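Engineer: Sending over a structure as structure tokens; questions will come in a sec.
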Amino acid sequence: MNDLKIGDSVFIQSYKHDGSIHRTWSKSYVIDENDDYYVVVTDHSWVVEADNRRWITKEPAICFYYKKRWFNVISMVRKAGIYYYCNIATPSVYDGEAIKNVDYDLDVKVFPDNSYMVLDRNEYEYHCQKMNYPVEIKQKCEKEMESLIKMIEEKQKPFDFSFINDCILKYFSLVFDERDLQNVQ
């Protein structure tokens, strides 16, 4: 299996419990990788939905795909501030082709003022029945949702502006050479 290195380009693939594809992202750039997570940036990347709808991301997003946690976090850098979209999902793995996980429907949207909303409870309940989620999966999803909300409320990384700022600067330093950065300043 190939290892990801900083600066590599990688695909992201998200599946549903039944093995069907949920969503894919292309043109993601690795800016960090360690024992806990992969950090990638999507910037004007193609996204393909399960129903074949296609769209391009509008702003840079710093994405944290955790290797041991049952969630991932997408931080979208916008003029109005940083918005986060968090997905309850299996730990992410890289198999030489893509970073992959299974999405379990429950989501949390976090706003620049650190307020948040839990989303898609109805979709989660529907898929619990339709795909017959095992009790262990449901317990893990609920436990990880609690951990995620605690991280948000305590502004732990990545819910910390200065950390996201450091990540975006790291991304820019990878895609632009020093001359380009000096012209921006």
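The way I read the labels, and the way they are meant: chains A, B, ... in the order of the structure tokens, residue 1 as the first residue of every chain, and ligand 1 as the first ligand shown, with later ones counted on from there.
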Which stretch 96-141 of chain A residues have any atom within 12 Å of an atom of stretch 38-46 of chain A, and for each, what is the nearest pair of atoms with distance in Å to one decimal, counting only C-alpha atoms, rows sorted by chain and number, as CSV?
Structural biologist:
```
residue,atom,partner,partner_atom,distance
A:Ala98,CA,A:Tyr38,CA,11.5
A:Ile99,CA,A:Tyr38,CA,8.5
A:Lys100,CA,A:Tyr38,CA,11.1
```
Engineer: Tell me which protein, DNA and RNA residues are within 7 Å of A:Ile88, counting only C-alpha atoms, leaving out same-chain ones fewer than 4 positions away, and put them as number ranges by chain.
Structural biologist: A: 70-72, 103-107, 141, 145
Engineer: Give the answer as one residue: which of A:Trp55, A:Phe64, A:Tyr83, A:Phe159 has the shortest atom-to-atom distance to A:Tyr29, using only C-alpha atoms?
Structural biologist: A:Phe64
Engineer: Tell me, in Å to one decimal, how far atom CA of A:Thr90 is from atom CA of A:Tyr116.
Structural biologist: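 Between these atoms lies a distance of 21.5 Å.
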Engineer: Quick one: pull the distance between atom CA of A:Tyr65 and atom CA of A:Asp113, Å, one decimal.
Structural biologist: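 Separation of atom CA of A:Tyr65 and atom CA of A:Asp113: 23.3 Å.
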Engineer: Using only C-alpha atoms, determine which residues lie at most 6 Å from A:Asp8, disregarding the query and same-chain residues fewer than 2 positions distant; provide the list as JSON, numbers by chain.
Structural biologist: {"A": [5, 6, 29, 30]}
Engineer: Can I get the selection written as a CSV table (one decimal), in the first residue's frame, with N, CA, C and O atoms?
Structural biologist:
```
chain,number,residue,atom,x,y,z
A,5,LYS,N,2.1,11.4,1.0
A,5,LYS,CA,3.1,12.4,1.4
A,5,LYS,C,2.5,13.8,1.2
A,5,LYS,O,1.7,14.0,0.4
A,6,ILE,N,3.1,14.7,2.0
A,6,ILE,CA,2.7,16.1,1.9
A,6,ILE,C,2.9,16.6,0.5
A,6,ILE,O,4.0,16.3,-0.1
A,29,TYR,N,-5.4,18.0,-2.0
A,29,TYR,CA,-3.9,18.1,-1.8
A,29,TYR,C,-3.6,17.8,-0.3
A,29,TYR,O,-4.2,18.4,0.6
A,30,VAL,N,-2.7,16.9,-0.1
A,30,VAL,CA,-2.3,16.5,1.2
A,30,VAL,C,-1.4,17.6,1.8
A,30,VAL,O,-0.4,17.9,1.2
```
Engineer: Enumerate the residues of stretch 16-152 of chain A with a DSSP assignment of strand (DSSP E), computed from the backbone, and present them as a PyMOL selection string.
Structural biologist: chain A and resi 21-33+37-42+46-49+54-56+61-66+71-78+81-89+93-94+98-110+116-119
Engineer: Could you give me the residues within stretch 8-161 of chain A that DSSP places in helix (DSSP H, G or I), as number ranges by chain?
Structural biologist: A: 121-130, 135-153, 161
Engineer: Calculated over only C-alpha atoms, which of the candidates A:Val47, A:Ser26, A:His17, A:Ile31 has the smallest distance to A:Ser173?
Structural biologist: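 For A:Ser173, the nearest of the candidates is A:Ile31.
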Engineer: Find the residues near A:Arg54: any atom within 10 Å, counting only C-alpha atoms, skip ones fewer than 5 places away on the same chain, and give them as a PyMOL selection string.
Structural biologist: chain A and resi 23-25+46-49
Engineer: Store the residues picked out above, limited to C-alpha atoms, as a PDB file, in the first residue's frame.
Structural biologist:
```
ATOM      1  CA  ARG A  23     -19.792  11.112  -2.790  1.00  0.00           C
ATOM      2  CA  THR A  24     -16.337  11.558  -4.358  1.00  0.00           C
ATOM      3  CA  TRP A  25     -13.921  14.477  -4.462  1.00  0.00           C
ATOM      4  CA  TRP A  46     -14.972  18.329  -8.674  1.00  0.00           C
ATOM      5  CA  VAL A  47     -17.496  16.608  -6.434  1.00  0.00           C
ATOM      6  CA  VAL A  48     -19.665  13.796  -7.765  1.00  0.00           C
ATOM      7  CA  GLU A  49     -22.788  12.778  -5.837  1.00  0.00           C
TER       8      GLU A  49
END
```
